[in-house]
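Chemist: Sharing a structure below in structure tokens format, with a few things to ask.
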Amino acid sequence: MNPGSPLSAAAHLATAAGAVLAGSLLVQQLPGPLGAVESGVVGLVSVLLALRLSSSLPLWFAFSMLNLSSAIEQRIESRLPAAMSGSDYSVSGWVDSFPAHTTGQVSFSLRVTHSGNSSLRNIERLRLSWYDPPQDIDAGTALDLTVRLRVPRGLSNPGGFDYEKWLFLEGYGAVGYVRDGKLARDVGDNLARGWLGLRAAISRRLIANAPGDDAGAMLTALAIGERHLFDDKHWQAFRRTGTSHLVAISGLHIGLIASFSFWLMRKLWLLLPGSIRHYDLYGAAASSLVCASLYALLAGFGVPAQRALLMLAVALAAVLSRRRISMISGLSTAAIFVLLWDPFASSSASFWLSFMAVALLWQLAEMRMAGWDFSASGIIASAALQWRLCLGLVPVTAFFFGEISLIAPIVNFFAIPYVSLALVPATLISSMALVFDGVGEPMVRSAGELANAMWLILEWLAAWNWSAIVLPTNDRVLFFLAIVGVILMVPVHPLPGRYLALLATIPLFTTRVGGPGFGIAKTTVLDVGHGLAVIVETREHVLLFDSGPRYPSGFDSGADIVVPALHALGYDAVDTIVISHSDNDHAGGAPAVIAHYPEAALITGPDVSLPDSMICSAGASWVWDGVDFEFLHPPSGFRSLGNDSSCVLRVSTADDAILLTGDVEQAGERSMLDRSIELDSGIVIVPHHGSATSSSEAFVDAIGAAYAIVSAGRDNRWGFPRPEVQRRWEIASARVVTTGHGGAVTIIIGGAAETTVVTRRESRRRYWFPAPDGPSG
């Protein structure tokens, strides 16, 4: 191969980009940033390898690792120290994004410009909630506040949205709530605040004139890049139809604006007289970059928009050099710049989706330059391109979202041109026309009708049962194989029989995570804050005990924690759902779970009113796969309702047992003790989250547990588990494990093996986890 050939250059750039990406991905799997000694070793080894191999790849790899590790360390240093968590502070700043309003509450991001405490000097952003604020809070609002802050943490569970990781990547140094506050006159950052205020004004005008909430949400997303108006129903429809990328301002949208402005300016430039016509490419490139930059600024200049602009700059540089650059070279160069500019980029789905969208535009441009038109062959070529795009997105969407749309190729074949050629131009033109009273309003309504039409079709398609399938997200080997297969399938290399590489994606669809072996029970106590939700698996069956809380803010443990966890564990069906009693922290998520698994048998406590349910009763029992299940409480005729009438379920194997107690209090405990039933269990879910009204000394002694699992939120206002209760269990030789400290707890009993109890934060330590500062189990 000629070293100066384009293929050689493309291969060199691709391997360099691969080394940079590999270094970034490797650091993301580490529990924390590299130390000084480790960094020195990485640097030294990379230099020696580079000299030995006469290759720069080890240097790219090492630089990527050290760059991301340094960024992680800086981000950690900008967080609230654990010793300062739970205290009040005076801060001034401004709302730097669009706040989320719910009944009696507003959540927002505060850009800190001044703090009365020097210890907060490294913190730039706070994530705050304000309950019943005395004034309206909008994007750009300047505030003087007294806030109670704590270390940024989230719930830690299999599947679902990782809030704690999001807080870290977004640069939030602390989270908390407002205790007192008022509007401020001037907190600085006037230019940034003014621009955000302009975007907020455009959003308000769009919402006010759009024909309905759905249209307003879509127009706002496409015009200014803000998706805060989308709710769960919108995101579910986008996921199930494979169209989430169409409402995120990233490579696709910015590329379209850049392409159109380049084409238009070049056409106009060529009409100019004289020799100035020869500079058409420079004028078109400048116009393209300016228009794309303005759109990115209007969209908030977020990280995806920044990445898209970097990729655009690489492409325009190639155009101005009058050299034909291959897609591999262009994307590889852009990937190197993006990963060095934003070391955290590869950890987000938008990074991968942006590159897929740009690859689509690149190939469309090459087809256009080759003379592609709307002939039958052109349509077939376009359809094949859409197919490759959607296939390339399969491992990405499965990994990040745990769901794959089966109708995405067909939907996107029509949706991408519709959004690109109709909806986005109509949205932008109508947004600009709003400066003229009486002109922009009807144009916004017309654009809104286009958005409504698209939304109604997507909503209808998403409702089809077979529009998407859910995949377990815990087998990284399968995702790696699928990604390699897709890369080998893309027609940018001379490998023969490349479509055979598609076979590598088959295990992603066909492999299912099996349950434990015969006679073994695997129990997962989910981290739902103050509440309870427990998944019990046997070889062929799965049971859910309680469903966690649902809050007025709209957060639903059933939909947001339990269902994603079941999907991540590989289950698309549940055999039995038990709701121990009617308290919100145990039953709040039940409607969402039942709606998702309508075929499940439903068993409830006496005070729960759910249709088609059976009442739990002491003595009822069954056997699944060599594992015994028996209700110990309440007995028939038990008069107390509420906490004391909670269903109590004992799950036992030949070797050990786990006792699920709900919120049973001392009256219920006495009932079980008086009936002399078998309570002996190696594992117990501590009653009522460790409240002083439960866990009587006699009950604790009768159980004789080696592990006492407390499902309670970290730093909760009730102080659960109460210190005296925790001591009581510890005196009885039980190790107390709290979900608020350790995250979800996984327990395996049976199979003649030793019982194992592992918390998610122990087994899956990640760099964005705050340092442990208390018992985690």
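Following the order of the structure tokens, chains are lettered A, B, ..., residues in each are numbered from 1, and ligands are numbered from 1.
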Please provide as a ChimeraX atom specification all residues within 10 Å of A:Val534, with the sequence filter that same-chain residues fewer than 2 positions apart are discarded (counting only C-alpha atoms).
Modeler: /A:523-528,532,536-537,543-548,562,578,660,685,711,744-746
Chemist: Residues within 6 Å of stretch 77-93 of chain A, please, as number ranges by chain. Count only C-alpha atoms; anything in the same chain fewer than 3 positions from it doesn't count.
Modeler: A: 74, 111-116, 122-123, 142-151, 173-174, 187
Chemist: In terms of the shortest atom-to-atom distance over only C-alpha atoms, which of A:Ile577, A:Ala692, A:Met443, A:Ala521 is closest to A:Ile749?
Modeler: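 Closest candidate: A:Ala521.
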Chemist: Going by DSSP on the backbone, which residues of stretch 131-307 of chain A come out as strand (DSSP E or B)? List them as JSON, numbers by chain.
Modeler: {"A": [131, 142, 143, 144, 145, 146, 147, 148, 149, 150, 172, 173, 174, 175, 176, 177, 178, 179, 180, 181, 182, 183]}
Chemist: Considering only C-alpha atoms, return as a PyMOL selection string whatever protein or nucleic-acid residues lie within 7 Å of stretch 15-20 of chain A, sequence-local ones (same chain, fewer than 3 positions apart) excluded.
Modeler: chain A and resi 11-12+23-24+57+60-61+64+332+335-336
Chemist: Taking the DSSP secondary structure from the backbone, can you list the residues of stretch 159-352 of chain A that are helix (DSSP H, G or I), as a count of residues only?
Modeler: 137
Chemist: Please identify all polymer residues within 12 Å of A:Tyr707, counting only C-alpha atoms, omitting same-chain residues fewer than 3 positions from it, and present them as an MDAnalysis selection string.
Modeler: chainID A and resid 656:659 681:686 700 703:704 710 726 729:730 732:738 745:747 755:758 777
Chemist: Output N, CA, C and O atoms of each residue in that selection to a file, as a short mmCIF file (atom, residue, chain, number, x, y, z; two decimals), in the first residue's frame.
Modeler:
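Contents of the output file part-v9.cif:
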```cif
data_model
loop_
_atom_site.label_atom_id
_atom_site.label_comp_id
_atom_site.auth_asym_id
_atom_site.auth_seq_id
_atom_site.Cartn_x
_atom_site.Cartn_y
_atom_site.Cartn_z
N ASP A 656 -31.36 -21.63 53.17
CA ASP A 656 -31.54 -20.34 53.85
C ASP A 656 -32.92 -19.80 53.51
O ASP A 656 -33.69 -20.41 52.75
N ALA A 657 -33.24 -18.63 54.07
CA ALA A 657 -34.54 -18.01 53.82
C ALA A 657 -34.40 -16.50 53.90
O ALA A 657 -33.48 -15.96 54.53
N ILE A 658 -35.32 -15.82 53.24
CA ILE A 658 -35.39 -14.37 53.31
C ILE A 658 -36.81 -13.98 53.69
O ILE A 658 -37.79 -14.55 53.17
N LEU A 659 -36.95 -13.04 54.61
CA LEU A 659 -38.25 -12.63 55.13
C LEU A 659 -38.56 -11.21 54.65
O LEU A 659 -37.83 -10.27 54.95
N SER A 681 -34.76 -16.83 59.59
CA SER A 681 -34.37 -16.45 58.23
C SER A 681 -32.99 -15.80 58.28
O SER A 681 -32.72 -14.95 59.14
N GLY A 682 -32.14 -16.19 57.35
CA GLY A 682 -30.81 -15.61 57.30
C GLY A 682 -30.81 -14.17 56.84
O GLY A 682 -29.89 -13.40 57.15
N ILE A 683 -31.85 -13.81 56.06
CA ILE A 683 -31.97 -12.45 55.52
C ILE A 683 -33.34 -11.92 55.90
O ILE A 683 -34.35 -12.62 55.78
N VAL A 684 -33.40 -10.65 56.33
CA VAL A 684 -34.67 -10.02 56.61
C VAL A 684 -34.68 -8.62 56.02
O VAL A 684 -33.68 -7.91 56.07
N ILE A 685 -35.80 -8.27 55.41
CA ILE A 685 -36.04 -6.88 55.04
C ILE A 685 -36.62 -6.21 56.28
O ILE A 685 -37.74 -6.53 56.68
N VAL A 686 -35.85 -5.34 56.91
CA VAL A 686 -36.22 -4.78 58.20
C VAL A 686 -37.59 -4.10 58.10
O VAL A 686 -37.84 -3.30 57.21
N VAL A 700 -36.74 -9.62 66.57
CA VAL A 700 -35.37 -9.68 66.05
C VAL A 700 -34.72 -11.00 66.44
O VAL A 700 -34.08 -11.67 65.62
N ILE A 703 -36.03 -14.11 64.50
CA ILE A 703 -35.60 -14.24 63.11
C ILE A 703 -34.15 -14.73 63.05
O ILE A 703 -33.81 -15.59 62.22
N GLY A 704 -33.29 -14.18 63.87
CA GLY A 704 -31.90 -14.61 63.89
C GLY A 704 -31.17 -14.36 62.59
O GLY A 704 -30.36 -15.19 62.13
N VAL A 710 -32.19 -2.69 55.11
CA VAL A 710 -33.07 -1.55 55.34
C VAL A 710 -33.28 -0.81 54.03
O VAL A 710 -32.33 -0.31 53.42
N GLN A 726 -31.12 -0.06 64.63
CA GLN A 726 -29.91 -0.61 64.02
C GLN A 726 -29.06 -1.34 65.04
O GLN A 726 -28.55 -2.44 64.78
N TRP A 729 -30.46 -4.83 65.86
CA TRP A 729 -30.13 -5.86 64.88
C TRP A 729 -28.66 -6.24 64.96
O TRP A 729 -28.30 -7.41 64.84
N GLU A 730 -27.81 -5.26 65.18
CA GLU A 730 -26.38 -5.55 65.25
C GLU A 730 -26.04 -6.36 66.50
O GLU A 730 -25.17 -7.25 66.46
N ALA A 732 -27.88 -8.53 67.72
CA ALA A 732 -28.30 -9.89 67.37
C ALA A 732 -27.43 -10.51 66.28
O ALA A 732 -27.81 -11.51 65.66
N SER A 733 -26.27 -9.87 66.02
CA SER A 733 -25.26 -10.39 65.08
C SER A 733 -25.66 -10.25 63.62
O SER A 733 -25.15 -10.98 62.76
N ALA A 734 -26.55 -9.32 63.31
CA ALA A 734 -26.92 -9.07 61.92
C ALA A 734 -26.09 -7.91 61.36
O ALA A 734 -25.85 -6.92 62.04
N ARG A 735 -25.68 -8.05 60.14
CA ARG A 735 -25.02 -6.95 59.44
C ARG A 735 -26.11 -6.10 58.79
O ARG A 735 -26.91 -6.61 58.00
N VAL A 736 -26.15 -4.81 59.12
CA VAL A 736 -27.19 -3.92 58.61
C VAL A 736 -26.72 -3.28 57.30
O VAL A 736 -25.64 -2.68 57.24
N VAL A 737 -27.51 -3.45 56.26
CA VAL A 737 -27.22 -2.91 54.92
C VAL A 737 -28.35 -1.99 54.53
O VAL A 737 -29.53 -2.39 54.56
N THR A 738 -28.03 -0.76 54.15
CA THR A 738 -29.05 0.24 53.82
C THR A 738 -28.97 0.60 52.34
O THR A 738 -27.88 0.92 51.83
N VAL A 745 -29.67 -3.88 46.51
CA VAL A 745 -28.98 -4.99 47.19
C VAL A 745 -29.40 -6.29 46.52
O VAL A 745 -30.60 -6.57 46.38
N THR A 746 -28.42 -7.08 46.11
CA THR A 746 -28.69 -8.37 45.47
C THR A 746 -28.32 -9.49 46.44
O THR A 746 -27.21 -9.51 46.99
N ILE A 747 -29.26 -10.41 46.66
CA ILE A 747 -29.10 -11.49 47.62
C ILE A 747 -29.35 -12.82 46.90
O ILE A 747 -30.35 -12.95 46.19
N THR A 755 -24.64 -18.02 51.20
CA THR A 755 -25.49 -16.87 50.88
C THR A 755 -24.62 -15.65 50.55
O THR A 755 -23.64 -15.37 51.25
N THR A 756 -24.97 -14.94 49.48
CA THR A 756 -24.22 -13.74 49.10
C THR A 756 -25.13 -12.53 49.16
O THR A 756 -26.29 -12.59 48.74
N VAL A 757 -24.60 -11.44 49.69
CA VAL A 757 -25.31 -10.17 49.77
C VAL A 757 -24.36 -9.09 49.25
O VAL A 757 -23.30 -8.86 49.84
N VAL A 758 -24.72 -8.45 48.16
CA VAL A 758 -23.84 -7.48 47.52
C VAL A 758 -24.65 -6.23 47.17
O VAL A 758 -25.76 -6.33 46.62
N GLY A 777 -22.96 -1.28 53.71
CA GLY A 777 -23.18 -2.70 53.66
C GLY A 777 -22.10 -3.36 52.90
O GLY A 777 -22.29 -4.10 52.02
#
```
Chemist: Pick out the residues sitting within 12 Å of A:Ile594, and hand them over as a ChimeraX atom specification; count only C-alpha atoms, and ignore anything fewer than 4 positions along from it in its own chain.
Modeler: /A:544,546-547,558-559,562-563,573-579,587-590,598-603,610-613
Chemist: I need the residues from that last selection saved to file as an mmCIF file, in the first residue's frame (with C-alpha atoms), if you can.
Modeler:
```cif
data_model
loop_
_atom_site.group_PDB
_atom_site.id
_atom_site.type_symbol
_atom_site.label_atom_id
_atom_site.label_comp_id
_atom_site.auth_asym_id
_atom_site.auth_seq_id
_atom_site.Cartn_x
_atom_site.Cartn_y
_atom_site.Cartn_z
ATOM 1 C CA LEU A 544 -42.427 -8.433 42.660
ATOM 2 C CA ASP A 546 -44.207 -3.857 46.543
ATOM 3 C CA SER A 547 -43.617 -1.165 43.942
ATOM 4 C CA GLY A 558 -43.058 1.743 39.239
ATOM 5 C CA ALA A 559 -42.464 3.234 35.800
ATOM 6 C CA VAL A 562 -39.195 -1.182 38.827
ATOM 7 C CA VAL A 563 -40.076 -1.730 35.151
ATOM 8 C CA ALA A 573 -43.255 -10.822 32.057
ATOM 9 C CA VAL A 574 -43.918 -11.096 35.792
ATOM 10 C CA ASP A 575 -45.703 -14.030 37.375
ATOM 11 C CA THR A 576 -46.944 -12.453 40.616
ATOM 12 C CA ILE A 577 -47.149 -8.955 42.054
ATOM 13 C CA VAL A 578 -47.595 -8.552 45.809
ATOM 14 C CA ILE A 579 -48.588 -5.154 47.248
ATOM 15 C CA ALA A 587 -48.133 0.866 46.576
ATOM 16 C CA GLY A 588 -47.599 4.163 44.726
ATOM 17 C CA GLY A 589 -45.878 2.564 41.751
ATOM 18 C CA ALA A 590 -48.346 -0.330 41.498
ATOM 19 C CA PRO A 598 -51.381 -6.975 33.101
ATOM 20 C CA GLU A 599 -51.105 -10.791 33.027
ATOM 21 C CA ALA A 600 -49.423 -11.000 36.424
ATOM 22 C CA ALA A 601 -51.343 -12.484 39.354
ATOM 23 C CA LEU A 602 -52.057 -9.754 41.912
ATOM 24 C CA ILE A 603 -51.975 -10.346 45.673
ATOM 25 C CA LEU A 610 -56.919 -2.898 43.333
ATOM 26 C CA PRO A 611 -59.121 -4.715 40.806
ATOM 27 C CA ASP A 612 -58.743 -8.450 40.204
ATOM 28 C CA SER A 613 -56.607 -8.958 43.298
#
```
Chemist: Nearest residue to A:Trp341 out of A:Ser107, A:Asn67, A:Ser652, A:Gln666, using only C-alpha atoms?
Modeler: A:Asn67
Chemist: Skipping near chain neighbours, those fewer than 5 positions away, what residues fall within 10 Å of A:Asp342 using only C-alpha atoms, listed as a PyMOL selection string?
Modeler: chain A and resi 67-68+71+303+306-307+336-337
Chemist: Considering only C-alpha atoms, can you say which of A:Ala315, A:Cys291, A:Leu21, A:Ala100 comes closest to A:Pro343?
Modeler: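 Checking each of A:Ala315, A:Cys291, A:Leu21, A:Ala100 against A:Pro343, counting only C-alpha atoms, the winner is A:Leu21.
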